[in-house]
Each structure stands twice: as C-alpha cells, then as structure tokens.
Amino acid sequence: MPDIELWNSFRKGDQEAFQRIYQIYAKDLLSYGYKVTSNVQLIEDSIHDLFIELWQHGNNLSETDSIKFYLFRSLRNKINNSQKKDLLFNSTDIDNACGNPDEFLIESHLIDLEEKEKMLKQLRCSYTMLSPRQQQALNLRFYNHFSNEEIARIMGINYQSACKFIYSGLKTLKETVRILSLLLIISDIV
C-alpha cells in the first residue's frame, strides 16, 4: 500500500494501518534516534510517546506523502523537546539541592551552545560554497532521503556522477568540521 493510502487509512482510525506503520518504521526510528542522542531510554520513550500521540490524534493529523519523513521529523522534535525539559529540570534540581544556582554549569552550557552555533554557521557557509550540483545531491540525499539511484534519475545524471557529487560534497564539509574542531581545541588551550 502506498504511503498516502496507508496514512489516510490510519487517519480514518484503521487500527491495522496504524500497526502496519509501526511495524514498518519502528526499527528505522530507533536507528535514527541513535543519531540524535545516545540516551537509549529517551529514544525508546520518545518513540513510545510518538506512537501514542499519533493514535490519540490520528484524525487531526495533516496529510503526508512520506510517512517516514513525518515520523523522523516528529521523533527528532520530541527528543529535542525532552532534552530541553530535562536540562531545565536538572538545573532546577541543582538549584534546589545547593540552595543557589551553579553558575559555572549554566555558563559552561551556554559556551557549548555558542561554540556549536559557530560551527553550524561555518558549516552552513561551507555548504553554500559547494557547487550547485553538490548542494542539490546532498539536499536530495540527506534532507529528502532519496537513494543514490533516485538522485541520479532526478538530476538526470548517471549513478557514478551522483555518488561523486555526494562524496565530494561530504568530503568538503567533513574537512570544514575537522578544521573547526582543531580551532576550537586550540582556542581552549590558549
């Protein structure tokens, strides 16, 4: 059954469609969750909560032509929101246990966030320096989750060229991250 039909059946309350969605995507969601965080309990809880919310609000959900994309995005948002709540909760626990806020932990966290933001900004800048074909191939691969074969067909090129665009784009971005990491380590030492 195509994604659109399966999703629409589920949205109409079809329990078998819901079970089918779970069977098809649960393992992929678990694997993807490991790329977002290493907290196994958080991943499992988030997937569990995601499917409960899907079932409870199925008839209110929007249409989608890619269930996988919808579920992956929802899981990532759920994990990120939980991590933010945990950070706030943990900092509140520290405040209550010590009687005053631990400014060092908060400041350290803010510095880490700032460094990550700098790295992301530089990575985005490096992405814009890639050739338009490299950008298109990476976008199709990592944002739209197309296979290399599909990318070749979409771009009207052969399979090897699609692989080359993806590989060379990733190589350039990896080099940027490596250089930035070294600069951050050097700045910490100095």
# chains A, B, ... in the order shown; residues from 1 in each chain; ligands from 1
call {"tool": "residues_around", "arguments": {"residues": "Leu123 of chain A", "least_positions_apart": "2", "cutoff": "12 Å", "atoms": "only C-alpha atoms", "output": "number ranges by chain"}}
result
A: 116-121, 125-130, 169-170, 172-181
call {"tool": "residues_around", "arguments": {"residues": "Leu140 of chain A", "least_positions_apart": "5", "cutoff": "8 Å", "atoms": "only C-alpha atoms", "output": "PyMOL selection string"}}
result
chain A and resi 145-146+151
call {"tool": "residues_around", "arguments": {"residues": "Leu29 of chain A", "least_positions_apart": "4", "cutoff": "9 Å", "atoms": "only C-alpha atoms", "output": "ChimeraX atom specification"}}
result
/A:25,33-34,43,47,68,71-72,75
call {"tool": "write_last_selection", "arguments": {"atoms": "C-alpha atoms", "output": "PDB file, in the first residue's frame"}}
result
ATOM      1  CA  TYR A  25       9.053   2.249  10.802  1.00  0.00           C
ATOM      2  CA  GLY A  33      17.127   8.108  17.350  1.00  0.00           C
ATOM      3  CA  TYR A  34      20.708   6.938  17.981  1.00  0.00           C
ATOM      4  CA  ILE A  43      14.843   7.353  22.403  1.00  0.00           C
ATOM      5  CA  ILE A  47       9.132   6.600  20.114  1.00  0.00           C
ATOM      6  CA  LYS A  68       8.995   8.115   7.113  1.00  0.00           C
ATOM      7  CA  LEU A  71       7.842  10.237  11.717  1.00  0.00           C
ATOM      8  CA  PHE A  72      11.548  11.109  11.638  1.00  0.00           C
ATOM      9  CA  LEU A  75      10.788  11.964  16.642  1.00  0.00           C
TER      10      LEU A  75
END
call {"tool": "atom_distance", "arguments": {"atom1": "atom CA of Lys35 of chain A", "atom2": "atom CA of Ala152 of chain A"}}
result
25.9 Å
call {"tool": "closest_residue", "arguments": {"among": "A:Val36, A:Asn139, A:Glu114, A:Glu149", "to": "Gln83 of chain A", "atoms": "only C-alpha atoms"}}
result
A:Val36
